[in-house]
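Engineer: Contents of protein.cif (mmCIF, C-alpha atoms) are given next:
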```
data_target
#
loop_
_atom_site.label_atom_id
_atom_site.label_comp_id
_atom_site.auth_asym_id
_atom_site.auth_seq_id
_atom_site.Cartn_x
_atom_site.Cartn_y
_atom_site.Cartn_z
CA MET T 1 103.07 32.45 -96.33
CA ARG T 2 103.63 33.80 -99.83
CA THR T 3 106.88 35.65 -100.54
CA SER T 4 105.04 38.95 -100.90
CA LEU T 5 103.46 38.44 -97.47
CA ASN T 6 106.83 37.62 -95.99
CA ASP T 7 108.15 40.88 -97.37
CA ILE T 8 105.19 42.72 -95.88
CA GLN T 9 105.88 41.09 -92.55
CA GLN T 10 109.55 42.04 -92.69
CA ILE T 11 108.77 45.63 -93.58
CA ASP T 12 106.21 45.68 -90.77
CA ASP T 13 108.75 44.38 -88.25
CA TYR T 14 111.32 46.84 -89.49
CA LEU T 15 109.11 49.93 -89.49
CA LEU T 16 107.44 49.14 -86.19
CA GLN T 17 110.76 48.33 -84.54
CA TYR T 18 109.97 44.71 -83.79
CA ALA T 19 113.01 43.39 -85.62
CA SER T 20 116.15 42.44 -83.75
CA LYS T 21 119.40 44.30 -84.41
CA THR T 22 120.70 41.54 -86.67
CA ASP T 23 117.45 41.33 -88.61
CA ARG T 24 117.45 45.08 -89.05
CA ALA T 25 120.94 45.07 -90.48
CA LEU T 26 120.08 42.21 -92.81
CA PHE T 27 116.94 43.93 -93.93
CA GLU T 28 118.79 47.17 -94.57
CA SER T 29 121.23 45.42 -96.84
CA ARG T 30 118.31 43.90 -98.76
CA LEU T 31 116.85 47.37 -99.12
CA ILE T 32 120.01 48.58 -100.82
CA LEU T 33 120.05 45.63 -103.18
CA GLN T 34 116.33 45.58 -104.00
CA PRO T 35 114.84 48.88 -105.11
CA ALA T 36 111.40 47.22 -105.39
CA LEU T 37 111.51 46.37 -101.71
CA GLN T 38 112.41 49.94 -100.92
CA GLU T 39 109.48 51.16 -102.95
CA ASN T 40 107.16 48.79 -101.12
CA LEU T 41 108.47 50.06 -97.83
CA LEU T 42 107.56 53.62 -98.76
CA TRP T 43 104.04 52.57 -99.77
CA GLN T 44 103.65 50.62 -96.60
CA GLN T 45 104.60 53.67 -94.57
CA LYS T 46 101.98 55.66 -96.45
CA THR T 47 99.49 52.88 -95.72
CA TYR T 48 100.08 53.20 -91.97
CA ASP T 49 99.30 56.92 -92.27
CA ILE T 50 96.09 56.10 -94.06
CA ILE T 51 95.12 53.50 -91.44
CA LYS T 52 95.71 56.12 -88.75
CA GLN T 53 93.61 58.72 -90.53
CA HIS T 54 90.84 56.22 -91.11
CA SER T 55 90.93 55.06 -87.49
CA ARG T 56 90.84 58.60 -86.13
CA ARG T 57 87.79 59.35 -88.20
CA ARG T 58 86.02 56.25 -87.01
CA LEU T 59 86.90 57.10 -83.43
CA LYS T 60 85.68 60.68 -83.84
CA ALA T 61 82.43 59.37 -85.25
CA GLU T 62 82.03 57.14 -82.19
CA ILE T 63 82.70 60.11 -79.90
CA GLU T 64 80.18 62.18 -81.79
CA THR T 65 77.56 59.46 -81.28
CA VAL T 66 78.21 59.69 -77.53
CA HIS T 67 77.91 63.47 -77.69
CA GLN T 68 74.59 63.30 -79.55
CA HIS T 69 73.33 60.76 -77.08
CA LEU T 70 74.23 62.92 -74.09
CA PHE T 71 72.67 65.98 -75.65
CA THR T 72 69.38 64.44 -76.75
CA GLU T 73 68.40 61.56 -74.48
CA PRO T 74 66.02 62.41 -71.60
CA GLU T 75 68.10 60.46 -69.07
CA HIS T 76 70.96 62.94 -69.46
CA ILE T 77 68.94 66.10 -69.04
CA SER T 78 70.72 67.28 -65.90
CA PHE T 79 74.12 66.93 -67.56
CA ARG T 80 72.86 68.82 -70.57
CA ARG T 81 71.45 71.62 -68.41
CA LYS T 82 74.70 71.91 -66.52
CA ILE T 83 76.65 72.47 -69.74
CA LEU T 84 74.17 74.80 -71.37
CA GLU T 85 74.03 76.89 -68.22
CA ILE T 86 77.77 77.52 -68.49
CA PHE T 87 77.31 79.06 -71.91
CA SER T 88 74.24 81.05 -71.01
CA LYS T 89 76.32 83.19 -68.61
CA LYS T 90 77.79 86.33 -70.06
CA MET B 91 86.49 37.33 -91.61
CA THR B 92 83.16 38.02 -89.92
CA TYR B 93 81.84 40.55 -87.48
CA THR B 94 81.12 38.98 -84.12
CA MET B 95 79.39 39.85 -80.87
CA GLU B 96 82.79 40.45 -79.39
CA LEU B 97 83.53 43.18 -81.90
CA GLU B 98 80.24 44.80 -80.95
CA GLU B 99 81.21 44.53 -77.28
CA VAL B 100 84.49 46.34 -77.84
CA THR B 101 82.60 49.21 -79.47
CA VAL B 102 80.11 49.33 -76.60
CA GLU B 103 82.92 49.35 -74.02
CA ARG B 104 84.59 52.23 -75.83
CA ARG B 105 81.33 54.13 -75.93
CA THR B 106 80.88 53.64 -72.20
CA LEU B 107 84.39 54.94 -71.58
CA PHE B 108 83.74 58.06 -73.64
CA ARG B 109 80.40 58.67 -71.94
CA GLN B 110 82.04 58.53 -68.53
CA LEU B 111 84.86 60.81 -69.62
CA TYR B 112 82.31 63.23 -71.03
CA GLN B 113 80.43 63.29 -67.75
CA GLN B 114 83.58 63.69 -65.68
CA ALA B 115 85.58 66.13 -67.72
CA PHE B 116 83.43 68.00 -70.21
CA PRO B 117 81.90 70.40 -67.66
CA LEU B 118 85.40 71.46 -66.61
CA VAL B 119 86.54 71.97 -70.20
CA ALA B 120 83.33 73.80 -71.09
CA LYS B 121 83.83 76.21 -68.18
CA TYR B 122 87.41 76.84 -69.20
CA VAL B 123 86.60 77.46 -72.86
CA HIS B 124 83.73 79.73 -71.87
CA THR B 125 86.03 81.74 -69.59
CA MET B 126 88.45 82.08 -72.47
CA GLY B 127 85.67 83.50 -74.64
CA GLY B 128 84.93 80.36 -76.62
CA SER B 129 81.60 78.94 -77.70
CA PHE B 130 79.88 75.63 -76.99
CA GLU B 131 80.95 74.34 -80.41
CA GLU B 132 84.56 75.26 -79.71
CA ALA B 133 84.43 73.54 -76.34
CA LYS B 134 83.03 70.46 -78.03
CA ASP B 135 85.80 70.48 -80.66
CA VAL B 136 88.70 70.79 -78.25
CA PHE B 137 87.17 68.27 -75.91
CA GLN B 138 86.69 65.71 -78.65
CA ASP B 139 90.24 66.25 -79.89
CA ALA B 140 91.44 65.75 -76.33
CA LEU B 141 89.51 62.48 -76.10
CA VAL B 142 91.16 61.23 -79.29
CA ILE B 143 94.62 62.06 -77.93
CA TYR B 144 93.79 60.47 -74.59
CA TYR B 145 92.53 57.34 -76.31
CA GLU B 146 95.67 57.05 -78.42
CA LYS B 147 97.82 57.41 -75.33
CA LEU B 148 95.76 54.80 -73.55
CA ALA B 149 96.02 52.38 -76.50
CA ALA B 150 99.77 52.84 -76.68
CA GLY B 151 99.98 52.06 -72.98
CA GLY B 152 101.79 55.33 -72.46
CA ILE B 153 99.79 56.74 -69.60
CA THR B 154 100.96 56.78 -66.05
CA LEU B 155 98.38 58.82 -64.27
CA LYS B 156 99.86 61.18 -61.75
CA TYR B 157 96.57 63.01 -61.54
CA SER B 158 93.00 61.94 -62.14
CA GLU B 159 91.73 61.08 -65.60
CA ARG B 160 89.70 64.24 -65.43
CA SER B 161 92.68 66.54 -64.85
CA TYR B 162 94.67 64.71 -67.45
CA ILE B 163 92.03 65.28 -70.11
CA PHE B 164 91.57 68.84 -68.94
CA GLY B 165 95.31 69.38 -69.44
CA ILE B 166 95.19 68.02 -72.97
CA ALA B 167 92.08 70.07 -73.77
CA LYS B 168 93.77 73.26 -72.56
CA HIS B 169 96.66 72.48 -74.83
CA CYS B 170 94.30 71.88 -77.77
CA TRP B 171 92.59 75.16 -77.07
CA ALA B 172 95.91 77.00 -76.92
CA LYS B 173 97.03 75.41 -80.15
CA LYS B 174 93.81 76.37 -81.86
CA ASN B 175 94.18 79.96 -80.70
CA LYS B 176 97.86 80.44 -81.22
CA GLY B 177 98.55 84.00 -82.26
CA ASN B 178 95.57 85.16 -80.24
CA ASN B 179 97.91 85.62 -77.33
CA ARG B 180 96.15 82.93 -75.41
CA TYR B 181 98.94 80.43 -75.64
CA THR B 182 99.87 78.25 -72.72
CA SER B 183 102.69 75.82 -73.16
CA LEU B 184 102.30 72.14 -72.58
CA PRO B 185 103.85 70.61 -69.47
CA ASP B 186 106.73 68.21 -70.14
CA SER B 187 104.67 65.16 -69.22
CA LEU B 188 102.35 65.89 -72.11
CA GLN B 189 104.92 66.65 -74.76
CA GLY B 190 104.61 64.67 -77.90
CA ILE B 191 100.87 64.37 -77.87
CA ALA B 192 100.22 67.14 -80.36
CA MET B 193 98.05 65.79 -83.12
CA GLU B 194 99.49 66.17 -86.53
CA GLU B 195 96.71 67.41 -88.73
CA SER B 196 95.73 65.11 -91.51
CA ALA B 197 96.56 66.53 -94.89
CA GLY B 198 92.90 66.78 -95.76
CA SER B 199 93.70 66.96 -99.43
CA SER B 200 90.91 65.94 -101.73
CA SER B 201 92.84 62.94 -102.97
CA ALA B 202 93.35 61.63 -99.45
CA GLU B 203 89.61 62.12 -98.95
CA LYS B 204 88.83 60.12 -102.05
CA LEU B 205 91.17 57.39 -100.99
CA LEU B 206 89.64 57.14 -97.50
CA GLU B 207 86.18 56.99 -98.99
CA LEU B 208 87.21 54.25 -101.36
CA LEU B 209 88.78 52.23 -98.57
CA ASN B 210 85.65 52.69 -96.51
CA THR B 211 83.59 51.02 -99.18
CA SER B 212 85.83 48.50 -100.87
CA GLY B 213 88.07 47.57 -97.98
CA GLN B 214 85.96 48.15 -94.92
CA LYS B 215 86.55 44.86 -93.16
CA CYS B 216 90.26 45.03 -93.76
CA MET B 217 90.35 48.58 -92.49
CA GLU B 218 88.59 47.55 -89.30
CA LEU B 219 90.99 44.68 -88.75
CA LEU B 220 93.97 46.96 -89.37
CA ARG B 221 92.50 49.57 -87.07
CA ALA B 222 92.12 47.03 -84.26
CA PHE B 223 95.75 46.06 -84.60
CA TYR B 224 97.61 49.25 -85.46
CA TYR B 225 95.45 51.90 -83.85
CA ASP B 226 93.56 50.28 -81.00
CA LYS B 227 96.63 48.09 -80.44
CA LEU B 228 94.54 45.16 -79.25
CA PRO B 229 96.24 41.82 -78.66
CA MET B 230 96.16 39.40 -81.59
CA GLN B 231 94.24 36.82 -79.65
CA LYS B 232 91.48 39.30 -78.97
CA ILE B 233 91.47 40.39 -82.61
CA ALA B 234 91.19 36.76 -83.71
CA SER B 235 88.03 36.21 -81.72
CA MET B 236 86.61 39.63 -82.61
CA PHE B 237 86.81 38.87 -86.32
CA GLY B 238 85.97 35.19 -86.09
CA PHE B 239 89.35 33.60 -86.82
CA SER B 240 90.30 30.17 -85.54
CA GLY B 241 93.42 31.50 -83.86
CA GLU B 242 96.18 34.08 -83.67
CA ARG B 243 98.04 32.53 -86.55
CA SER B 244 95.26 32.87 -89.09
CA ALA B 245 94.42 36.35 -87.84
CA THR B 246 98.06 37.34 -88.32
CA VAL B 247 98.14 36.02 -91.87
CA GLN B 248 94.91 37.87 -92.61
CA LYS B 249 96.38 41.05 -91.17
CA TYR B 250 99.26 40.86 -93.63
CA LYS B 251 96.89 40.06 -96.50
CA CYS B 252 94.83 43.11 -95.59
CA LEU B 253 97.91 45.26 -95.32
CA GLU B 254 98.94 44.12 -98.78
CA LYS B 255 95.49 44.75 -100.21
CA VAL B 256 95.26 48.24 -98.74
CA ARG B 257 98.83 49.04 -99.73
CA ASP B 258 98.05 48.10 -103.33
CA ILE B 259 94.96 50.30 -103.32
CA VAL B 260 96.96 53.18 -101.81
CA LYS B 261 99.66 52.72 -104.41
CA ASN B 262 97.35 52.44 -107.42
CA LYS B 263 95.11 55.29 -106.37
CA SER B 264 97.96 57.57 -105.43
CA LEU B 265 99.22 57.31 -108.96
CA THR B 266 95.78 58.38 -110.15
CA TYR B 267 95.14 61.05 -107.52
CA GLU B 268 98.44 62.74 -108.10
CA ASP B 269 98.36 65.42 -105.38
CA PHE B 270 98.34 62.67 -102.78
CA LEU B 271 102.06 62.31 -103.24
CA GLU B 272 102.71 65.82 -102.04
#
```
For the structure just supplied, provide its representation as C-alpha cells.
Structural biologist:
Amino acid sequence: MRTSLNDIQQIDDYLLQYASKTDRALFESRLILQPALQENLLWQQKTYDIIKQHSRRRLKAEIETVHQHLFTEPEHISFRRKILEIFSKK
Amino acid sequence: MTYTMELEEVTVERRTLFRQLYQQAFPLVAKYVHTMGGSFEEAKDVFQDALVIYYEKLAAGGITLKYSERSYIFGIAKHCWAKKNKGNNRYTSLPDSLQGIAMEESAGSSSAEKLLELLNTSGQKCMELLRAFYYDKLPMQKIASMFGFSGERSATVQKYKCLEKVRDIVKNKSLTYEDFLE
C-alpha cells in the first residue's frame, strides 16, 4: 500500500483501539515528531463523525420506509387500526 | 466496487428486522406516549430514535438481553421521550444497563448539511462501504462480497482508499464551509 494509506491504516488502528500497546507508543512518538500526521489524525476523527451522521441518516430513511409501508399497505390494516385507535382515545 | 445482490439482501434483512420490531414494540410505545399526552407524530419520533439506538447497540455487539427485545426497545423509547421532554417534569432516569446509549445530536449546522449532501452525490459508493464497516460493523469478508471484491484484502485496501478520499473532501470543504470547524 502507498505510504499515505499506511498512515491512514495506522491512524485507524490507533483511534479505534486496534493497535497493540507497543504500536500505540510508537505511533504516539511519531505524532509528536510529525505535525502533519497529527493534523491528519484530527481530520480522520472528523471523518468518522461524518460517516456516523451519514449512516444514521441512511438508517433513519430505511426505518421511515418501513413506517410508510406499515401505514399504507392493505396487508397491514389491522396493525394500523390498532395504533390509530390508541390516539383516537381522549 | 459494484453493488451486488448480497448488498440488496442485507438491506432487505434490515427492513424485515425493523418491520418486526415495529409490530412488536410500536403499539406499546404508542400507548405510553399517548398516556403521557403525546401525539402520534411524537410517538413515531421517539420510536424511530429508539430503533436507531437499538440497531447501533446490536451492531456493536453490546446487547445481552435480560428482557425481551420488545421491553428493551420500550425502555429506550421511554428514555428518548423523557429526554425530549426534560424540563416538562416528565423525566424518568435511565436504568444503569442502558447508560451510555444517549444519542448525541448531530450538529445540524448548514455546513455539515452541505458536506453530507456533497458526499451523498460525489462519494456515495465510498460512503456505503464505510458505513458497512464502521457503522453496521459487518465482517470484512461479508463486505467484500457485498461490494464485489475478490477478497478481504482488496476490500480492506479499498476501505482505506475511501477513507482517504472522504477525509480529503471533509478537509477541503471544511476550510470552505468555515462554521463546520466549530
Engineer: Extract, using all atoms listed in the file, all DNA, RNA and protein residues at most 8 Å from stretch 28-43 of chain T, discarding same-chain residues fewer than 4 positions from it, and format them as number ranges by chain.
Structural biologist: T: 7, 11, 24, 47; B: 257, 260-261
Engineer: Store the residues picked out above, limited to C-alpha atoms, as a CSV table (one decimal), in the frame of the given file.
Structural biologist:
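Done, and the output landed in again-v9.csv:
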```csv
chain,number,residue,atom,x,y,z
T,7,ASP,CA,108.2,40.9,-97.4
T,11,ILE,CA,108.8,45.6,-93.6
T,24,ARG,CA,117.4,45.1,-89.0
T,47,THR,CA,99.5,52.9,-95.7
B,257,ARG,CA,98.8,49.0,-99.7
B,260,VAL,CA,97.0,53.2,-101.8
B,261,LYS,CA,99.7,52.7,-104.4
```
Engineer: Restrict the calculation to only C-alpha atoms, then for each residue of chain B with any atom at most 9 Å from an atom of chain T give the closest atom pair and their distance in Å to one decimal, rows by chain and rising residue number, as JSON lines.
Structural biologist:
```
{"residue": "B:Thr101", "atom": "CA", "partner": "T:Glu62", "partner_atom": "CA", "distance": 8.4}
{"residue": "B:Arg104", "atom": "CA", "partner": "T:Glu62", "partner_atom": "CA", "distance": 8.4}
{"residue": "B:Arg105", "atom": "CA", "partner": "T:Val66", "partner_atom": "CA", "distance": 6.6}
{"residue": "B:Thr106", "atom": "CA", "partner": "T:Val66", "partner_atom": "CA", "distance": 8.5}
{"residue": "B:Phe108", "atom": "CA", "partner": "T:Ile63", "partner_atom": "CA", "distance": 6.7}
{"residue": "B:Arg109", "atom": "CA", "partner": "T:Val66", "partner_atom": "CA", "distance": 6.1}
{"residue": "B:Tyr112", "atom": "CA", "partner": "T:His67", "partner_atom": "CA", "distance": 8.0}
{"residue": "B:Gln113", "atom": "CA", "partner": "T:Phe79", "partner_atom": "CA", "distance": 7.3}
{"residue": "B:Phe116", "atom": "CA", "partner": "T:Ile83", "partner_atom": "CA", "distance": 8.1}
{"residue": "B:Pro117", "atom": "CA", "partner": "T:Ile83", "partner_atom": "CA", "distance": 6.0}
{"residue": "B:Ala120", "atom": "CA", "partner": "T:Ile83", "partner_atom": "CA", "distance": 6.9}
{"residue": "B:Lys121", "atom": "CA", "partner": "T:Ile86", "partner_atom": "CA", "distance": 6.2}
{"residue": "B:His124", "atom": "CA", "partner": "T:Phe87", "partner_atom": "CA", "distance": 6.5}
{"residue": "B:Ser129", "atom": "CA", "partner": "T:Phe87", "partner_atom": "CA", "distance": 7.2}
{"residue": "B:Phe130", "atom": "CA", "partner": "T:Phe87", "partner_atom": "CA", "distance": 6.6}
{"residue": "B:Lys134", "atom": "CA", "partner": "T:His67", "partner_atom": "CA", "distance": 8.7}
{"residue": "B:Gln138", "atom": "CA", "partner": "T:Ile63", "partner_atom": "CA", "distance": 7.0}
{"residue": "B:Asp139", "atom": "CA", "partner": "T:Lys60", "partner_atom": "CA", "distance": 8.2}
{"residue": "B:Leu141", "atom": "CA", "partner": "T:Ile63", "partner_atom": "CA", "distance": 8.2}
{"residue": "B:Val142", "atom": "CA", "partner": "T:Lys60", "partner_atom": "CA", "distance": 7.1}
{"residue": "B:Ser196", "atom": "CA", "partner": "T:Gln53", "partner_atom": "CA", "distance": 6.8}
{"residue": "B:Ala202", "atom": "CA", "partner": "T:Ile50", "partner_atom": "CA", "distance": 8.2}
{"residue": "B:Leu205", "atom": "CA", "partner": "T:Ile50", "partner_atom": "CA", "distance": 8.6}
{"residue": "B:Leu206", "atom": "CA", "partner": "T:His54", "partner_atom": "CA", "distance": 6.6}
{"residue": "B:Leu209", "atom": "CA", "partner": "T:His54", "partner_atom": "CA", "distance": 8.7}
{"residue": "B:Asn210", "atom": "CA", "partner": "T:His54", "partner_atom": "CA", "distance": 8.3}
{"residue": "B:Met217", "atom": "CA", "partner": "T:Ile51", "partner_atom": "CA", "distance": 6.9}
{"residue": "B:Glu218", "atom": "CA", "partner": "T:Ser55", "partner_atom": "CA", "distance": 8.1}
{"residue": "B:Leu220", "atom": "CA", "partner": "T:Ile51", "partner_atom": "CA", "distance": 7.0}
{"residue": "B:Arg221", "atom": "CA", "partner": "T:Ser55", "partner_atom": "CA", "distance": 5.7}
{"residue": "B:Ala222", "atom": "CA", "partner": "T:Ser55", "partner_atom": "CA", "distance": 8.7}
{"residue": "B:Tyr224", "atom": "CA", "partner": "T:Ile51", "partner_atom": "CA", "distance": 7.7}
{"residue": "B:Tyr225", "atom": "CA", "partner": "T:Lys52", "partner_atom": "CA", "distance": 6.5}
{"residue": "B:Asp226", "atom": "CA", "partner": "T:Ser55", "partner_atom": "CA", "distance": 8.5}
{"residue": "B:Val247", "atom": "CA", "partner": "T:Met1", "partner_atom": "CA", "distance": 7.5}
{"residue": "B:Tyr250", "atom": "CA", "partner": "T:Leu5", "partner_atom": "CA", "distance": 6.2}
{"residue": "B:Lys251", "atom": "CA", "partner": "T:Leu5", "partner_atom": "CA", "distance": 6.8}
{"residue": "B:Leu253", "atom": "CA", "partner": "T:Ile8", "partner_atom": "CA", "distance": 7.7}
{"residue": "B:Glu254", "atom": "CA", "partner": "T:Ile8", "partner_atom": "CA", "distance": 7.0}
{"residue": "B:Val256", "atom": "CA", "partner": "T:Thr47", "partner_atom": "CA", "distance": 7.0}
{"residue": "B:Arg257", "atom": "CA", "partner": "T:Thr47", "partner_atom": "CA", "distance": 5.6}
{"residue": "B:Asp258", "atom": "CA", "partner": "T:Trp43", "partner_atom": "CA", "distance": 8.3}
{"residue": "B:Val260", "atom": "CA", "partner": "T:Thr47", "partner_atom": "CA", "distance": 6.6}
{"residue": "B:Lys261", "atom": "CA", "partner": "T:Trp43", "partner_atom": "CA", "distance": 6.4}
```
Engineer: Could you write out the selected residues, including C-alpha atoms, as a PDB file, in the frame of the given file?
Structural biologist:
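This is the output file selection19.pdb:
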```pdb
ATOM      1  CA  THR B 101      82.600  49.210 -79.470  1.00  0.00           C
ATOM      2  CA  ARG B 104      84.590  52.230 -75.830  1.00  0.00           C
ATOM      3  CA  ARG B 105      81.330  54.130 -75.930  1.00  0.00           C
ATOM      4  CA  THR B 106      80.880  53.640 -72.200  1.00  0.00           C
ATOM      5  CA  PHE B 108      83.740  58.060 -73.640  1.00  0.00           C
ATOM      6  CA  ARG B 109      80.400  58.670 -71.940  1.00  0.00           C
ATOM      7  CA  TYR B 112      82.310  63.230 -71.030  1.00  0.00           C
ATOM      8  CA  GLN B 113      80.430  63.290 -67.750  1.00  0.00           C
ATOM      9  CA  PHE B 116      83.430  68.000 -70.210  1.00  0.00           C
ATOM     10  CA  PRO B 117      81.900  70.400 -67.660  1.00  0.00           C
ATOM     11  CA  ALA B 120      83.330  73.800 -71.090  1.00  0.00           C
ATOM     12  CA  LYS B 121      83.830  76.210 -68.180  1.00  0.00           C
ATOM     13  CA  HIS B 124      83.730  79.730 -71.870  1.00  0.00           C
ATOM     14  CA  SER B 129      81.600  78.940 -77.700  1.00  0.00           C
ATOM     15  CA  PHE B 130      79.880  75.630 -76.990  1.00  0.00           C
ATOM     16  CA  LYS B 134      83.030  70.460 -78.030  1.00  0.00           C
ATOM     17  CA  GLN B 138      86.690  65.710 -78.650  1.00  0.00           C
ATOM     18  CA  ASP B 139      90.240  66.250 -79.890  1.00  0.00           C
ATOM     19  CA  LEU B 141      89.510  62.480 -76.100  1.00  0.00           C
ATOM     20  CA  VAL B 142      91.160  61.230 -79.290  1.00  0.00           C
ATOM     21  CA  SER B 196      95.730  65.110 -91.510  1.00  0.00           C
ATOM     22  CA  ALA B 202      93.350  61.630 -99.450  1.00  0.00           C
ATOM     23  CA  LEU B 205      91.170  57.390-100.990  1.00  0.00           C
ATOM     24  CA  LEU B 206      89.640  57.140 -97.500  1.00  0.00           C
ATOM     25  CA  LEU B 209      88.780  52.230 -98.570  1.00  0.00           C
ATOM     26  CA  ASN B 210      85.650  52.690 -96.510  1.00  0.00           C
ATOM     27  CA  MET B 217      90.350  48.580 -92.490  1.00  0.00           C
ATOM     28  CA  GLU B 218      88.590  47.550 -89.300  1.00  0.00           C
ATOM     29  CA  LEU B 220      93.970  46.960 -89.370  1.00  0.00           C
ATOM     30  CA  ARG B 221      92.500  49.570 -87.070  1.00  0.00           C
ATOM     31  CA  ALA B 222      92.120  47.030 -84.260  1.00  0.00           C
ATOM     32  CA  TYR B 224      97.610  49.250 -85.460  1.00  0.00           C
ATOM     33  CA  TYR B 225      95.450  51.900 -83.850  1.00  0.00           C
ATOM     34  CA  ASP B 226      93.560  50.280 -81.000  1.00  0.00           C
ATOM     35  CA  VAL B 247      98.140  36.020 -91.870  1.00  0.00           C
ATOM     36  CA  TYR B 250      99.260  40.860 -93.630  1.00  0.00           C
ATOM     37  CA  LYS B 251      96.890  40.060 -96.500  1.00  0.00           C
ATOM     38  CA  LEU B 253      97.910  45.260 -95.320  1.00  0.00           C
ATOM     39  CA  GLU B 254      98.940  44.120 -98.780  1.00  0.00           C
ATOM     40  CA  VAL B 256      95.260  48.240 -98.740  1.00  0.00           C
ATOM     41  CA  ARG B 257      98.830  49.040 -99.730  1.00  0.00           C
ATOM     42  CA  ASP B 258      98.050  48.100-103.330  1.00  0.00           C
ATOM     43  CA  VAL B 260      96.960  53.180-101.810  1.00  0.00           C
ATOM     44  CA  LYS B 261      99.660  52.720-104.410  1.00  0.00           C
TER      45      LYS B 261
END
```
Engineer: Take atom CA of T:Thr3 and atom CA of B:Lys249 and report the distance between them in Å, one decimal.
Structural biologist: 15.1 Å
Engineer: On this structure, the PyMOL selection byres ((chain B and resi 149) around 10) would catch which residues? List them as a PyMOL selection string, sorted by chain and number.
Structural biologist: chain B and resi 143-148+150-153+224-228
Engineer: Have a look at B:Cys170, B:Ile259, B:Leu118, B:Val100 and name the one nearest to B:Glu132; count only C-alpha atoms.
Structural biologist: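 Closest residue, counting only C-alpha atoms: B:Cys170.
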Engineer: To one decimal place, how far is atom CA of B:Ser235 from atom CA of B:Gln214 in Å?
Structural biologist: 17.9 Å
Engineer: Using Å and a single decimal, report how far atom CA of B:Ser264 sits from atom CA of B:Leu208.
Structural biologist: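 For atom CA of B:Leu208 relative to atom CA of B:Ser264, the distance reads 12.0 Å.
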